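coords.pdb follows (PDB, C-alpha atoms):
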```pdb
ATOM      1  CA  PRO A   1     102.156  85.555 116.994
ATOM      2  CA  ALA A   2     104.328  86.621 119.937
ATOM      3  CA  ASP A   3     105.370  86.005 123.537
ATOM      4  CA  GLY A   4     103.813  88.711 125.685
ATOM      5  CA  THR A   5     100.564  90.181 126.988
ATOM      6  CA  VAL A   6      97.372  90.755 125.029
ATOM      7  CA  SER A   7      97.122  94.555 124.953
ATOM      8  CA  VAL A   8      94.588  95.120 122.157
ATOM      9  CA  VAL A   9      91.278  93.459 121.338
ATOM     10  CA  ARG A  10      89.132  95.568 119.035
ATOM     11  CA  GLU A  11      87.012  95.522 115.915
ATOM     12  CA  GLU A  12      88.166  97.200 112.697
ATOM     13  CA  ASN A  13      85.981  97.307 109.610
ATOM     14  CA  GLY A  14      84.033  94.219 110.682
ATOM     15  CA  ARG A  15      87.118  92.196 111.674
ATOM     16  CA  VAL A  16      88.720  91.529 115.067
ATOM     17  CA  ARG A  17      92.309  92.604 115.843
ATOM     18  CA  VAL A  18      94.308  90.995 118.670
ATOM     19  CA  GLY A  19      97.546  92.760 119.654
ATOM     20  CA  VAL A  20     100.303  91.269 121.809
ATOM     21  CA  PHE A  21     102.703  93.625 123.599
ATOM     22  CA  MET A  22     106.219  92.230 123.929
ATOM     23  CA  ASN A  23     108.036  93.613 126.940
ATOM     24  CA  VAL A  24     111.822  93.877 126.876
ATOM     25  CA  ASP A  25     112.164  90.509 128.651
ATOM     26  CA  ASP A  26     109.908  88.613 126.192
ATOM     27  CA  VAL A  27     111.251  86.705 123.178
ATOM     28  CA  HIS A  28     110.904  89.014 120.175
ATOM     29  CA  VAL A  29     110.879  86.418 117.400
ATOM     30  CA  ASN A  30     107.364  86.405 115.993
ATOM     31  CA  ARG A  31     105.584  83.271 114.780
ATOM     32  CA  VAL A  32     103.034  82.440 112.094
ATOM     33  CA  PRO A  33      99.583  81.973 113.716
ATOM     34  CA  ALA A  34      98.056  79.846 110.907
ATOM     35  CA  PRO A  35      99.124  78.262 107.612
ATOM     36  CA  GLY A  36      98.907  80.194 104.368
ATOM     37  CA  THR A  37     100.764  81.834 101.500
ATOM     38  CA  VAL A  38     102.259  85.300 101.923
ATOM     39  CA  ARG A  39     100.587  87.740  99.524
ATOM     40  CA  SER A  40     102.675  90.764 100.481
ATOM     41  CA  VAL A  41     105.107  92.179 103.038
ATOM     42  CA  ASP A  42     104.836  95.954 103.338
ATOM     43  CA  HIS A  43     106.924  98.384 105.381
ATOM     44  CA  ARG A  44     105.135 101.466 106.694
ATOM     45  CA  PRO A  45     107.351 104.149 108.254
ATOM     46  CA  GLY A  46     106.058 105.958 111.295
ATOM     47  CA  ALA A  47     106.548 107.066 114.864
ATOM     48  CA  HIS A  48     108.147 105.160 117.742
ATOM     49  CA  ARG A  49     105.609 105.573 120.562
ATOM     50  CA  PRO A  50     105.328 102.989 123.370
ATOM     51  CA  ALA A  51     103.860  99.851 121.768
ATOM     52  CA  PHE A  52     101.294  99.405 124.559
ATOM     53  CA  SER A  53      99.763 102.864 123.988
ATOM     54  CA  LYS A  54      96.932 103.852 121.645
ATOM     55  CA  GLU A  55      99.343 106.153 119.764
ATOM     56  CA  SER A  56     101.301 103.082 118.598
ATOM     57  CA  ASP A  57      98.772 102.625 115.772
ATOM     58  CA  ARG A  58     100.865 105.245 113.918
ATOM     59  CA  ASN A  59     104.206 103.546 114.642
ATOM     60  CA  GLU A  60     106.608 102.073 112.120
ATOM     61  CA  ARG A  61     105.423  98.612 111.120
ATOM     62  CA  ILE A  62     105.713  95.664 108.777
ATOM     63  CA  ASP A  63     102.358  94.284 107.563
ATOM     64  CA  VAL A  64     102.334  90.658 106.376
ATOM     65  CA  ASP A  65      99.206  89.817 104.348
ATOM     66  CA  VAL A  66      98.466  86.094 104.251
ATOM     67  CA  GLY A  67      95.075  86.487 102.593
ATOM     68  CA  GLU A  68      92.700  85.167 105.218
ATOM     69  CA  TYR A  69      94.546  87.024 107.985
ATOM     70  CA  GLU A  70      97.252  89.670 108.443
ATOM     71  CA  VAL A  71     100.056  90.057 110.976
ATOM     72  CA  SER A  72     101.551  93.458 111.805
ATOM     73  CA  LEU A  73     104.942  93.766 113.492
ATOM     74  CA  ILE A  74     104.921  97.159 115.217
ATOM     75  CA  ALA A  75     108.006  98.955 116.509
ATOM     76  CA  GLY A  76     107.777 100.420 119.982
ATOM     77  CA  TRP A  77     109.458 103.336 121.721
ATOM     78  CA  PHE A  78     112.853 101.653 122.052
ATOM     79  CA  ALA A  79     112.630  99.379 119.013
ATOM     80  CA  ARG A  80     114.203 100.797 115.895
ATOM     81  CA  ARG A  81     114.487  97.660 113.796
ATOM     82  CA  ILE A  82     111.889  95.287 112.362
ATOM     83  CA  THR A  83     113.196  92.330 110.380
ATOM     84  CA  PRO A  84     110.699  90.217 108.419
ATOM     85  CA  TYR A  85     111.787  86.621 107.735
ATOM     86  CA  VAL A  86     109.199  86.061 104.976
ATOM     87  CA  GLU A  87     108.435  87.477 101.544
ATOM     88  CA  ALA A  88     105.602  87.337  99.027
ATOM     89  CA  GLY A  89     105.016  83.811  97.750
ATOM     90  CA  ASP A  90     106.381  82.004 100.835
ATOM     91  CA  GLU A  91     104.335  79.049 102.083
ATOM     92  CA  LEU A  92     103.859  79.254 105.855
ATOM     93  CA  GLU A  93     102.974  76.722 108.525
ATOM     94  CA  ARG A  94     101.711  77.528 112.009
ATOM     95  CA  GLY A  95     104.671  78.243 114.284
ATOM     96  CA  ASP A  96     107.151  79.165 111.527
ATOM     97  CA  GLN A  97     109.307  82.199 112.266
ATOM     98  CA  LEU A  98     107.699  85.299 110.765
ATOM     99  CA  GLY A  99     110.067  88.060 111.822
ATOM    100  CA  HIS A 100     111.780  89.900 114.651
ATOM    101  CA  VAL A 101     111.144  93.250 116.312
ATOM    102  CA  ALA A 102     113.849  94.606 118.595
ATOM    103  CA  PHE A 103     112.853  95.299 122.219
ATOM    104  CA  GLY A 104     109.462  96.560 123.516
ATOM    105  CA  SER A 105     107.084  96.241 120.593
ATOM    106  CA  ARG A 106     103.795  94.701 119.459
ATOM    107  CA  ALA A 107     102.566  91.997 117.088
ATOM    108  CA  ASP A 108      98.945  92.175 115.915
ATOM    109  CA  VAL A 109      96.778  89.647 114.126
ATOM    110  CA  LEU A 110      93.844  90.904 112.070
ATOM    111  CA  LEU A 111      91.670  87.817 112.244
ATOM    112  CA  PRO A 112      89.738  86.352 109.293
ATOM    113  CA  GLU A 113      86.316  87.685 108.396
ATOM    114  CA  GLY A 114      83.600  85.900 110.362
ATOM    115  CA  VAL A 115      85.654  85.611 113.557
ATOM    116  CA  GLU A 116      83.840  87.466 116.347
ATOM    117  CA  ARG A 117      84.952  88.565 119.809
ATOM    118  CA  ALA A 118      82.875  85.733 121.273
ATOM    119  CA  ASP A 119      85.101  83.269 119.359
ATOM    120  CA  LEU A 120      88.283  84.473 121.101
ATOM    121  CA  LEU A 121      90.029  82.293 123.673
ATOM    122  CA  VAL A 122      92.158  85.225 124.894
ATOM    123  CA  SER A 123      91.310  88.510 126.579
ATOM    124  CA  LYS A 124      93.139  91.760 127.205
ATOM    125  CA  GLY A 125      95.746  91.161 129.917
ATOM    126  CA  ASP A 126      96.294  87.448 129.136
ATOM    127  CA  THR A 127      99.840  86.145 128.776
ATOM    128  CA  VAL A 128     100.404  84.333 125.470
ATOM    129  CA  ARG A 129     103.221  82.340 123.836
ATOM    130  CA  ALA A 130     104.305  82.551 120.185
ATOM    131  CA  GLY A 131     103.319  79.505 118.167
ATOM    132  CA  GLU A 132     101.596  77.897 121.172
ATOM    133  CA  THR A 133      98.633  79.971 122.374
ATOM    134  CA  VAL A 134      95.477  79.412 120.329
ATOM    135  CA  LEU A 135      93.566  82.680 119.824
ATOM    136  CA  VAL A 136      90.295  81.484 118.254
ATOM    137  CA  ALA A 137      87.936  78.758 119.503
ATOM    138  CA  ASP A 138      87.931  76.825 116.208
ATOM    139  CA  GLY A 139      91.711  76.355 116.644
ATOM    140  CA  ARG A 140      92.735  77.641 113.215
ATOM    141  CA  ILE A 141      94.616  80.649 114.688
TER
END
```
For the file at hand, write its structure as structure tokens.
Amino acid sequence: PADGTVSVVREENGRVRVGVFMNVDDVHVNRVPAPGTVRSVDHRPGAHRPAFSKESDRNERIDVDVGEYEVSLIAGWFARRITPYVEAGDELERGDQLGHVAFGSRADVLLPEGVERADLLVSKGDTVRAGETVLVADGRI
């Protein structure tokens, strides 16, 4: 979903989350990781901790629910603006622009049910590219 470094790989409620930290010199336009229809776009106010830290889970964010998967755009310490480019009902294709987060921030993908850590093609510390890097072995995300 973003240019940057994989900073989070963890399980949440039986699903795998992959987070990409975008440093200030990375492109901050986020991309759609897989096709689908936007169910909802929700803003959640919060803190502005460094996006690479564990405390960033409580940061301001925009959650985009695409049904099978979700993408969260998370503001970092310096970022104060998240701009989604999609809304409920939009049809998305892989690589479409999803939104923009200003400066050091994070984009997470909550992968579909059934995807396990063993299915991942990326690991913490890997450099990834928005709309190009495939996250899951079956190639759908």
- Can you work out which one of A:Val38, A:Met22, A:Ile62, A:Ala2 has the shortest atom-to-atom distance to Glu91 of chain A, counting all atoms listed in the file? A:Val38
List as a tab-separated table (two decimals) with C-alpha atoms, keeping the file's coordinate frame the protein and nucleic acid residues near segment 74-76 of chain A, meaning an atom at most 6 Å away when only C-alpha atoms are counted, but skip any in the same chain fewer than 5 places from it.
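The resulting file, around-v5.tsv, is shown below:
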```tsv
chain	number	residue	atom	x	y	z
A	48	HIS	CA	108.15	105.16	117.74
A	49	ARG	CA	105.61	105.57	120.56
A	50	PRO	CA	105.33	102.99	123.37
A	51	ALA	CA	103.86	99.85	121.77
A	60	GLU	CA	106.61	102.07	112.12
A	61	ARG	CA	105.42	98.61	111.12
A	104	GLY	CA	109.46	96.56	123.52
A	105	SER	CA	107.08	96.24	120.59
A	106	ARG	CA	103.80	94.70	119.46
A	107	ALA	CA	102.57	92.00	117.09
```
- Query: the PyMOL selection byres ((chain A and resi 27) around 10) on the file shown: which residues, as a PyMOL selection string?
  - Reply: chain A and resi 2-4+22-26+28-30+100-103+129-130
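Each of A:Val41, A:Val6, A:Leu135, A:Ala47 was compared to Pro112 of chain A using all atoms listed in the file, and A:Leu135 turns out to be the nearest.
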- Task: Report as a ChimeraX atom specification the residues that result from applying the PyMOL selection byres ((chain A and resi 85) around 10) to the structure here.
- Result: /A:29-31,41,82-84,86-87,90,96-100
